[in-house]
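Structure file coords.cif (mmCIF, C-alpha atoms) follows.
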data_target
#
loop_
_atom_site.label_atom_id
_atom_site.label_comp_id
_atom_site.auth_asym_id
_atom_site.auth_seq_id
_atom_site.Cartn_x
_atom_site.Cartn_y
_atom_site.Cartn_z
CA MET S 1 96.96 70.01 174.31
CA ARG S 2 99.66 72.05 172.62
CA ALA S 3 98.99 73.74 169.28
CA ARG S 4 101.69 71.64 167.59
CA THR S 5 100.04 68.42 168.69
CA LYS S 6 96.64 69.67 167.54
CA TRP S 7 97.87 70.46 164.04
CA LEU S 8 99.84 67.23 163.93
CA MET S 9 96.52 65.47 164.45
CA ILE S 10 94.62 67.51 161.86
CA ALA S 11 96.98 68.36 158.99
CA PRO S 12 98.17 64.90 157.84
CA LEU S 13 94.61 63.74 157.17
CA PRO S 14 93.66 66.40 154.54
CA LEU S 15 97.16 66.15 153.04
CA LEU S 16 96.74 62.40 152.67
CA HIS S 17 93.24 62.95 151.30
CA PHE S 18 94.43 65.23 148.50
CA THR S 19 97.45 63.04 147.77
CA LEU S 20 95.36 59.88 147.44
CA HIS S 21 92.35 61.64 145.88
CA PRO S 22 92.20 59.66 142.58
CA VAL S 23 92.42 56.37 144.48
CA LEU S 24 89.96 57.21 147.23
CA SER S 25 87.41 58.98 145.04
CA GLY S 26 87.01 55.90 142.83
CA TRP S 27 85.56 53.78 145.63
CA PRO S 28 82.32 54.83 147.39
CA GLY S 29 83.21 53.04 150.64
CA ALA S 30 86.63 54.67 150.93
CA PRO S 31 87.49 56.66 154.06
CA ASP S 32 86.98 60.41 153.76
CA LEU S 33 90.21 61.66 155.29
CA LEU S 34 89.20 65.27 154.74
CA VAL S 35 86.10 64.85 156.89
CA ALA S 36 88.23 62.98 159.43
CA GLY S 37 90.61 65.94 159.56
CA LEU S 38 87.72 68.38 159.87
CA LEU S 39 86.01 66.46 162.68
CA VAL S 40 89.26 65.96 164.57
CA GLY S 41 89.86 69.70 164.06
CA SER S 42 86.42 70.59 165.39
CA LEU S 43 87.18 68.53 168.51
CA THR S 44 90.50 70.19 169.13
CA LEU S 45 90.12 73.78 167.83
CA ARG S 46 87.81 76.62 168.89
CA TRP S 47 84.44 76.50 167.11
CA ASP S 48 85.09 79.64 165.02
CA GLN S 49 88.50 78.24 164.00
CA ALA S 50 86.78 74.94 163.16
CA ALA S 51 84.31 76.83 160.95
CA LEU S 52 87.18 78.55 159.15
CA LEU S 53 88.93 75.22 158.72
CA GLY S 54 85.71 73.76 157.29
CA CYS S 55 85.28 76.67 154.89
CA THR S 56 88.86 76.28 153.64
CA VAL S 57 88.84 72.52 153.20
CA GLY S 58 85.40 72.76 151.58
CA LEU S 59 86.75 75.14 148.97
CA LEU S 60 89.80 72.93 148.38
CA GLU S 61 87.68 69.79 148.11
CA ALA S 62 85.25 71.46 145.68
CA SER S 63 88.20 72.60 143.55
CA MET S 64 89.78 69.17 143.54
CA SER S 65 86.62 67.17 142.84
CA LEU S 66 85.04 69.86 140.61
CA GLU S 67 81.84 70.00 142.63
CA PRO S 68 79.91 73.23 143.31
CA ALA S 69 82.12 75.38 145.57
CA GLY S 70 79.48 77.32 147.51
CA PRO S 71 77.39 74.41 148.89
CA MET S 72 80.53 72.43 149.67
CA MET S 73 82.08 75.32 151.61
CA LEU S 74 78.84 75.92 153.51
CA LEU S 75 78.47 72.24 154.36
CA PHE S 76 82.01 71.90 155.68
CA ALA S 77 81.93 75.23 157.52
CA ILE S 78 78.66 74.31 159.25
CA ALA S 79 80.05 70.86 160.05
CA GLY S 80 83.11 72.44 161.67
CA LEU S 81 80.99 74.96 163.53
CA VAL S 82 78.48 72.41 164.84
CA GLY S 83 81.31 70.02 165.73
CA GLY S 84 83.06 72.78 167.68
CA LEU S 85 79.84 73.69 169.53
CA LEU S 86 79.09 70.05 170.35
CA ARG S 87 82.57 69.62 171.69
CA GLN S 88 81.82 72.26 174.31
CA LEU S 89 78.86 70.15 175.45
CA ILE S 90 80.57 66.79 175.48
CA TYR S 91 84.11 67.75 176.33
CA SER S 92 86.21 64.64 176.76
CA ASP S 93 89.63 63.36 175.78
CA SER S 94 88.44 59.78 175.68
CA ASP S 95 88.99 57.67 172.55
CA ARG S 96 85.38 56.46 172.73
CA VAL S 97 84.05 59.97 172.35
CA LEU S 98 86.33 60.57 169.39
CA VAL S 99 85.25 57.31 167.74
CA GLY S 100 81.53 57.93 168.26
CA PHE S 101 81.73 61.59 167.27
CA VAL S 102 83.72 60.98 164.09
CA PHE S 103 81.63 57.97 163.05
CA LEU S 104 78.28 59.73 163.41
CA GLY S 105 79.65 63.03 162.10
CA SER S 106 81.24 61.58 158.98
CA TRP S 107 78.13 59.48 158.24
CA LEU S 108 75.92 62.53 158.52
CA ILE S 109 78.25 64.72 156.43
CA LEU S 110 78.45 62.05 153.74
CA LEU S 111 74.66 61.75 153.56
CA VAL S 112 74.15 65.52 153.43
CA ARG S 113 76.87 65.75 150.78
CA LEU S 114 75.21 63.05 148.69
CA LEU S 115 71.82 64.67 149.11
CA PHE S 116 72.69 68.27 148.36
CA VAL S 117 76.02 68.29 146.49
CA GLY S 118 76.49 64.83 144.96
CA GLN S 119 74.40 62.51 142.83
CA GLY S 120 71.58 61.96 145.32
CA LEU S 121 70.77 59.48 148.02
CA HIS S 122 70.02 55.81 147.42
CA SER S 123 69.67 52.82 149.71
CA ALA S 124 73.12 51.38 148.95
CA ALA S 125 74.73 54.72 149.81
CA LEU S 126 72.61 55.09 152.95
CA PHE S 127 73.09 51.65 154.47
CA VAL S 128 76.27 50.24 152.96
CA GLU S 129 78.66 52.78 151.50
CA ALA S 130 78.13 55.61 154.00
CA PRO S 131 78.50 53.44 157.17
CA LEU S 132 81.52 51.66 155.68
CA SER S 133 83.12 54.95 154.72
CA ALA S 134 82.29 56.40 158.15
CA ALA S 135 83.83 53.39 159.89
CA LEU S 136 87.03 53.66 157.85
CA THR S 137 87.09 57.42 158.39
CA THR S 138 86.80 56.84 162.13
CA LEU S 139 89.64 54.33 162.01
CA ALA S 140 91.80 56.80 160.08
CA SER S 141 91.11 59.61 162.54
CA TRP S 142 91.83 57.34 165.52
CA LEU S 143 95.12 56.23 163.94
CA GLY S 144 95.93 59.88 163.19
CA ARG S 145 95.29 60.86 166.78
CA ARG S 146 97.45 57.99 168.08
CA PHE S 147 100.22 58.97 165.70
CA ALA S 148 100.09 62.64 166.72
CA LEU S 149 100.12 61.80 170.44
CA ALA S 150 103.00 59.39 169.96
CA VAL S 151 105.04 61.97 168.03
CA ALA S 152 104.20 64.75 170.51
CA SER S 153 105.17 62.69 173.53
CA MET C 1 81.09 84.62 167.19
CA VAL C 2 81.97 87.41 164.75
CA ALA C 3 84.60 85.23 163.10
CA ALA C 4 82.11 82.38 162.64
CA VAL C 5 79.53 84.72 161.11
CA ALA C 6 82.21 86.14 158.80
CA VAL C 7 83.19 82.62 157.69
CA LEU C 8 79.57 81.68 156.99
CA ALA C 9 79.05 84.97 155.15
CA ALA C 10 82.12 84.24 153.00
CA CYS C 11 80.67 80.82 152.18
CA GLY C 12 77.38 82.46 151.30
CA VAL C 13 79.13 84.95 149.01
CA VAL C 14 80.89 82.12 147.16
CA ALA C 15 77.62 80.19 146.92
CA ALA C 16 75.96 83.26 145.42
CA LEU C 17 78.58 83.60 142.69
CA SER C 18 77.66 82.50 139.19
CA SER C 19 78.83 79.03 138.16
CA THR C 20 81.37 80.62 135.79
CA ARG C 21 82.90 82.65 138.62
CA GLN C 22 82.93 79.61 140.87
CA SER C 23 84.69 77.61 138.16
CA GLN C 24 87.27 80.38 137.77
CA LEU C 25 87.87 80.38 141.52
CA GLN C 26 88.26 76.60 141.53
CA ALA C 27 90.62 76.74 138.55
CA ALA C 28 92.75 79.34 140.36
CA ILE C 29 92.95 77.11 143.42
CA ARG C 30 93.79 74.04 141.34
CA THR C 31 96.68 75.86 139.69
CA THR C 32 98.08 77.32 142.92
CA VAL C 33 97.34 75.64 146.26
CA LEU C 34 96.42 72.27 144.80
CA TYR C 35 99.09 72.30 142.09
CA PRO C 36 101.47 69.87 143.89
CA PHE C 37 98.64 67.38 144.29
CA THR C 38 97.29 67.70 140.74
CA SER C 39 100.85 67.35 139.38
CA LEU C 40 101.33 64.24 141.45
CA HIS C 41 98.05 62.81 140.15
CA SER C 42 99.03 63.56 136.53
CA PHE C 43 102.41 61.94 137.08
CA ALA C 44 100.83 58.84 138.62
CA ALA C 45 98.26 58.62 135.81
CA GLU C 46 101.00 58.95 133.18
CA ARG C 47 103.03 56.23 134.88
CA GLY C 48 99.96 54.01 134.89
CA ARG C 49 99.42 54.61 131.18
CA VAL C 50 103.07 53.84 130.42
CA ALA C 51 102.90 50.66 132.50
CA ALA C 52 99.73 49.58 130.69
CA ARG C 53 101.35 50.32 127.32
CA ASN C 54 104.41 48.31 128.39
CA ARG C 55 102.20 45.37 129.23
CA VAL C 56 100.52 45.60 125.81
CA LEU C 57 103.92 45.83 124.10
CA ALA C 58 105.25 42.87 126.06
CA ALA C 59 102.19 40.82 125.06
CA GLU C 60 102.64 41.94 121.46
CA ARG C 61 106.34 41.03 121.56
CA ASP C 62 105.53 37.58 122.97
CA SER C 63 102.93 36.88 120.30
CA LEU C 64 105.34 38.10 117.63
CA ALA C 65 108.06 35.85 119.03
CA LYS C 66 105.66 32.93 118.72
CA LEU C 67 104.86 33.90 115.14
CA VAL C 68 108.53 34.26 114.26
CA THR C 69 109.28 30.82 115.68
CA HIS C 70 106.42 29.39 113.67
CA TYR C 71 107.47 31.10 110.44
CA ARG C 72 111.12 30.14 110.89
CA SER C 73 110.15 26.50 110.78
CA LEU C 74 107.97 27.21 107.73
CA VAL C 75 110.85 28.94 105.93
CA ARG C 76 113.11 25.99 106.67
CA GLU C 77 110.45 23.63 105.36
CA VAL C 78 110.00 25.64 102.16
CA ARG C 79 113.78 25.72 101.59
CA ASP C 80 114.03 21.98 102.11
CA LEU C 81 111.14 21.29 99.76
CA SER C 82 112.47 23.78 97.20
CA SER C 83 115.88 22.14 97.21
CA VAL C 84 114.25 18.73 96.78
CA ALA C 85 112.11 20.00 93.90
CA GLY C 86 114.92 22.09 92.43
CA ILE C 87 113.02 25.38 92.65
CA THR C 88 114.92 28.63 93.16
CA THR C 89 113.54 30.47 96.20
CA ARG C 90 113.05 34.22 96.31
CA THR C 91 115.03 36.40 98.67
CA GLY C 92 112.90 36.89 101.77
CA SER C 93 111.03 40.11 102.26
CA THR C 94 111.61 41.98 105.48
CA VAL C 95 110.19 44.80 107.56
CA VAL C 96 111.80 47.98 108.88
CA ALA C 97 110.78 49.51 112.18
CA ALA C 98 110.00 53.22 112.00
CA LEU C 99 108.63 55.93 114.22
CA GLN C 100 105.93 58.39 113.33
CA PRO C 101 107.53 61.69 114.33
CA GLY C 102 104.76 63.92 113.10
CA ARG C 103 102.56 65.04 110.29
CA PRO C 104 103.84 67.12 107.41
CA ARG C 105 100.86 69.44 107.09
CA ILE C 106 98.92 70.96 109.92
CA GLY C 107 95.25 70.23 109.51
CA ASP C 108 95.60 67.10 107.42
CA PRO C 109 95.13 64.18 109.79
CA THR C 110 95.32 61.54 107.06
CA VAL C 111 99.00 61.84 106.16
CA PHE C 112 102.07 60.96 108.17
CA GLU C 113 105.85 61.02 108.13
CA LEU C 114 108.08 58.15 109.16
CA ALA C 115 111.65 58.16 110.32
CA GLY C 116 113.97 55.28 111.07
CA PRO C 117 117.08 53.49 109.90
CA GLY C 118 116.62 51.27 106.88
CA LEU C 119 113.80 53.22 105.25
CA ASP C 120 116.07 54.15 102.34
CA GLY C 121 116.52 50.46 101.53
CA GLY C 122 112.88 49.96 100.65
CA SER C 123 110.89 50.49 97.51
CA TYR C 124 107.81 52.70 97.50
CA PRO C 125 104.85 52.63 97.77
CA SER C 126 105.10 50.21 100.63
CA GLY C 127 102.71 48.94 103.27
CA VAL C 128 102.85 50.32 106.82
CA PHE C 129 101.39 48.33 109.67
CA THR C 130 101.65 47.55 113.37
CA GLY C 131 101.28 44.31 115.29
CA THR C 132 97.53 44.82 115.34
CA GLY C 133 96.86 45.73 111.73
CA LEU C 134 97.28 47.88 108.65
CA VAL C 135 98.07 51.56 109.20
CA GLY C 136 98.43 52.86 105.66
CA VAL C 137 100.93 53.20 102.87
CA ALA C 138 104.32 54.94 102.70
CA ARG C 139 104.32 56.73 99.34
CA ALA C 140 107.84 58.06 98.89
CA LEU C 141 111.09 58.90 100.62
CA TYR C 142 112.03 62.57 101.07
CA GLY C 143 115.56 62.68 102.45
CA ASP C 144 115.53 60.59 105.59
CA VAL C 145 111.80 60.81 106.01
CA ALA C 146 109.17 58.67 104.33
CA ARG C 147 105.81 60.26 103.72
CA GLY C 148 102.63 58.34 103.48
CA GLU C 149 98.92 58.17 104.00
CA PHE C 150 96.82 56.55 106.68
CA TRP C 151 94.04 54.22 105.54
CA SER C 152 91.71 57.15 106.25
CA HIS C 153 93.16 59.12 103.30
CA ILE C 154 90.71 59.62 100.46
CA ASP C 155 93.09 58.03 97.90
CA PHE C 156 93.80 54.94 99.94
CA ARG C 157 92.81 51.54 98.55
CA VAL C 158 93.77 48.06 99.67
CA SER C 159 92.92 44.67 98.26
CA VAL C 160 91.49 42.52 101.03
CA VAL C 161 90.37 38.97 101.49
CA THR C 162 88.51 37.16 104.25
CA GLU C 163 90.72 35.04 106.46
CA ASP C 164 89.42 31.82 104.89
CA GLY C 165 90.09 33.29 101.44
CA SER C 166 86.50 32.83 100.23
CA VAL C 167 85.66 36.50 99.50
CA SER C 168 87.88 39.28 98.26
CA GLY C 169 87.35 42.94 97.44
CA ILE C 170 88.78 46.41 97.66
CA ALA C 171 88.58 48.44 100.85
CA ARG C 172 88.56 52.24 100.84
CA PRO C 173 87.90 54.85 103.51
CA ILE C 174 84.48 56.36 103.98
CA TYR C 175 83.13 58.95 106.39
CA PRO C 176 79.56 57.86 107.21
CA GLN C 177 77.33 60.72 108.40
CA ALA C 178 80.39 62.96 108.74
CA GLY C 179 81.58 60.79 111.62
CA GLN C 180 84.80 58.93 112.26
CA ALA C 181 86.37 57.28 109.23
CA VAL C 182 85.76 53.58 108.65
CA LEU C 183 86.54 51.33 105.70
CA LEU C 184 84.12 50.30 103.00
CA LEU C 185 84.53 46.91 101.38
CA GLU C 186 83.53 47.03 97.72
CA GLY C 187 83.50 44.48 94.97
CA ALA C 188 82.47 41.53 97.09
CA PRO C 189 80.65 38.86 95.04
CA PHE C 190 76.90 39.55 95.04
CA ARG C 191 76.00 36.01 96.20
CA ALA C 192 78.55 35.96 99.01
CA ASP C 193 77.21 36.98 102.40
CA ILE C 194 79.92 38.06 104.77
CA PRO C 195 78.83 37.66 108.40
CA ASP C 196 79.35 40.59 110.75
CA GLY C 197 82.65 40.34 112.60
CA THR C 198 84.47 38.53 109.80
CA ALA C 199 88.14 39.47 109.78
CA LEU C 200 89.59 40.92 106.59
CA VAL C 201 93.29 40.72 105.81
CA THR C 202 95.44 42.05 103.01
CA SER C 203 95.51 39.83 99.96
CA GLY C 204 99.02 40.90 98.97
CA VAL C 205 98.24 40.59 95.25
CA THR C 206 100.13 43.67 94.03
CA GLY C 207 103.11 43.46 96.34
CA ILE C 208 102.57 46.75 98.17
CA TYR C 209 101.34 45.01 101.31
CA PRO C 210 102.38 41.60 102.57
CA ARG C 211 99.61 39.05 102.62
CA GLY C 212 97.72 38.42 105.85
CA ILE C 213 97.94 41.81 107.60
CA PRO C 214 94.66 42.45 109.50
CA VAL C 215 92.72 45.32 107.94
CA GLY C 216 89.55 45.22 110.00
CA ARG C 217 86.34 43.40 110.75
CA VAL C 218 83.08 43.56 108.82
CA ARG C 219 80.64 45.66 110.83
CA GLU C 220 77.45 45.62 108.73
CA PRO C 221 76.22 45.64 105.14
CA TRP C 222 76.25 49.09 103.56
CA ALA C 223 73.28 50.04 101.45
CA GLY C 224 74.47 53.47 100.38
CA GLU C 225 74.98 54.72 96.80
CA ALA C 226 74.23 51.62 94.69
CA ALA C 227 71.94 48.81 95.76
CA TRP C 228 73.04 46.42 93.01
CA MET C 229 76.51 46.06 94.45
CA LYS C 230 77.39 44.47 97.78
CA ARG C 231 79.29 46.69 100.12
CA TYR C 232 80.16 46.30 103.76
CA LEU C 233 81.27 48.73 106.42
CA VAL C 234 84.51 47.54 107.96
CA GLU C 235 85.71 48.51 111.42
CA PRO C 236 89.44 49.16 110.93
CA ALA C 237 91.93 47.19 113.00
CA VAL C 238 94.03 50.27 113.74
CA ARG C 239 92.97 53.86 114.39
CA PRO C 240 95.46 56.46 113.14
CA GLY C 241 95.42 58.26 116.49
CA GLU C 242 96.68 55.16 118.28
CA VAL C 243 99.75 54.72 116.10
CA GLY C 244 103.27 55.44 117.33
CA GLY C 245 105.85 52.89 116.21
CA VAL C 246 105.13 51.09 112.95
CA LEU C 247 106.63 48.52 110.61
CA VAL C 248 107.29 49.29 106.95
CA TRP C 249 107.29 46.36 104.58
CA VAL C 250 110.33 46.06 102.39
CA PRO C 251 109.51 43.57 99.65
CA SER C 252 112.37 41.64 98.12
CA ALA C 253 111.49 42.62 94.56
CA ALA C 254 108.51 44.90 94.47
CA PRO C 255 106.64 44.93 91.21
CA ALA C 256 106.67 48.30 89.48
CA SER C 257 103.13 49.42 90.08
CA ASP C 258 101.41 52.73 90.57
CA ASP C 259 98.22 50.99 91.58
CA PRO C 260 97.40 52.17 95.08
CA ALA C 261 95.53 48.97 95.85
CA GLY C 262 97.77 46.22 97.18
#
Show this structure as structure tokens.
Amino acid sequence: MRARTKWLMIAPLPLLHFTLHPVLSGWPGAPDLLVAGLLVGSLTLRWDQAALLGCTVGLLEASMSLEPAGPMMLLFAIAGLVGGLLRQLIYSDSDRVLVGFVFLGSWLILLVRLLFVGQGLHSAALFVEAPLSAALTTLASWLGRRFALAVAS
Amino acid sequence: MVAAVAVLAACGVVAALSSTRQSQLQAAIRTTVLYPFTSLHSFAAERGRVAARNRVLAAERDSLAKLVTHYRSLVREVRDLSSVAGITTRTGSTVVAALQPGRPRIGDPTVFELAGPGLDGGSYPSGVFTGTGLVGVARALYGDVARGEFWSHIDFRVSVVTEDGSVSGIARPIYPQAGQAVLLLEGAPFRADIPDGTALVTSGVTGIYPRGIPVGRVREPWAGEAAWMKRYLVEPAVRPGEVGGVLVWVPSAAPASDDPAG
């Protein structure tokens, strides 16, 4: 995959996330386009690049949502790093892998974020909001990938 | 490998910073990298506020149109009856729209200035109100600008009456426990109990304010200062901070009165 296509897949998602931040942050089940961008990035970039991407978007997200910067940066950097390492184990261009990876990854990131950075974990967040958000995040990343491939081809 | 360790180390360094330093870093990022996004959000929020205000104004205009239609028929009726009975009718009072461009003295939040065409045609003092209630009193005209006091001014007094006309009294501002200003209803008859939430309107007895302008709603009985006299705290209908455009009452023939209560 060419570098242009890769960044065409990754960049629109964080840009959309920051543009729609007031709308998306008001609803717990909203898709997390930043996490979608990060996970798509960890699937397409090298793992050290994915970690750097995570660190950067973590800092931006913490600045935008006024959450603690350090934990957020660490969380996103580790997510990028682990995603990049996992990608080496399960290398595939299939849509199913992308869907499964982004769904589980975004769910996990959301839970860790709630537990360590946000307001804490509760059953509604665990079983309703997080899966819904993860599903929508997966849909957004799949659409983003389709869009990037269509533009690139 | 080295790059990944460096990234994690950078994250660790940021995490180890004090919360003040982290806030400074976040503020720097908000004003640089994220500036286009935060500007967009501010713009969208401002548009939302303006749209909401427009909806309120449209609703206010519609209710005023209804009132005007109602009062037009009343005026016609009064004229007809007056001509039948041979009574000379007074020239109708009117209102002048004005804007509140600012405050004449920095640090005094209880006074205001008004500007608008037609202010020089009025007599002062004169009542100032909005569609939702009484704002204060315009005291005098200085050039093109009328100066006045919000109801929260220490010298402000207004004669009020309950909507059914059963109880009347004088309302003045009070600052309970050094908090936000509210109105205090004094002079209510000792045997009259005014239920909480009762609407108070101007009585219009001295001609400074037209009759029937909402002043506020009774919040609770007030036991301060003198127990032998019934007083009530009144939640004002209008907060000075919410006021932009106002209406100034121009009575047809205002009685010469220095009495601040109207």
Interface rows for chain C against chain S: nearest pair, Å to one decimal, 7 Å, all atoms listed in the file, as a tab-separated table:
residue	atom	partner	partner_atom	distance
C:Met1	CA	S:Asp48	CA	6.7
C:Ala3	CA	S:Asp48	CA	5.9
C:Ala4	CA	S:Asp48	CA	4.7
C:Val7	CA	S:Leu52	CA	5.9
C:Leu8	CA	S:Leu74	CA	6.8
C:Cys11	CA	S:Leu74	CA	5.4
C:Gly12	CA	S:Gly70	CA	6.7
C:Val14	CA	S:Gly70	CA	5.0
C:Ala15	CA	S:Gly70	CA	3.5
C:Gln22	CA	S:Ala69	CA	6.4
C:Gln26	CA	S:Ser63	CA	4.5
C:Ala27	CA	S:Ser63	CA	6.9
C:Ile29	CA	S:Ser63	CA	6.6
C:Arg30	CA	S:Ser63	CA	6.2
C:Phe37	CA	S:Thr19	CA	5.7
Atom-to-atom span, CA of Ala125 in chain S and CA of Ser42 in chain S, Å =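 Taking CA of Ala125 in chain S and CA of Ser42 in chain S, their separation equals 25.1 Å.
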Convert the output of the PyMOL selection byres ((chain S and resi 134) around 12) on the shown file into explicit residues, formatted as an NGL selection string.
-> :S and (28-36 or 39 or 99-111 or 125-133 or 135-141)
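CA of Ala138 in chain C lies 9.5 Å from CA of Ser123 in chain C.
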Have a look at CA of Val250 in chain C and CA of Pro125 in chain C and let me know their distance in Å, one decimal.
->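 That distance, rounded to one decimal, is 9.7 Å.
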Give me the residues within 12 Å of Arg2 in chain S as a PyMOL selection string, counting only C-alpha atoms and dropping any in the same chain fewer than 5 places off.
-> chain S and resi 7-9+44-45+148-149+152-153
Resolved residues for the PyMOL selection byres ((chain C and resi 217) around 7) as a JSON list (two decimals) with C-alpha atoms, in the frame of the given file:
[["chain", "number", "residue", "atom", "x", "y", "z"],
["C", 197, "GLY", "CA", 82.65, 40.34, 112.60],
["C", 198, "THR", "CA", 84.47, 38.53, 109.80],
["C", 199, "ALA", "CA", 88.14, 39.47, 109.78],
["C", 200, "LEU", "CA", 89.59, 40.92, 106.59],
["C", 216, "GLY", "CA", 89.55, 45.22, 110.00],
["C", 218, "VAL", "CA", 83.08, 43.56, 108.82],
["C", 219, "ARG", "CA", 80.64, 45.66, 110.83],
["C", 234, "VAL", "CA", 84.51, 47.54, 107.96],
["C", 235, "GLU", "CA", 85.71, 48.51, 111.42],
["C", 236, "PRO", "CA", 89.44, 49.16, 110.93]]
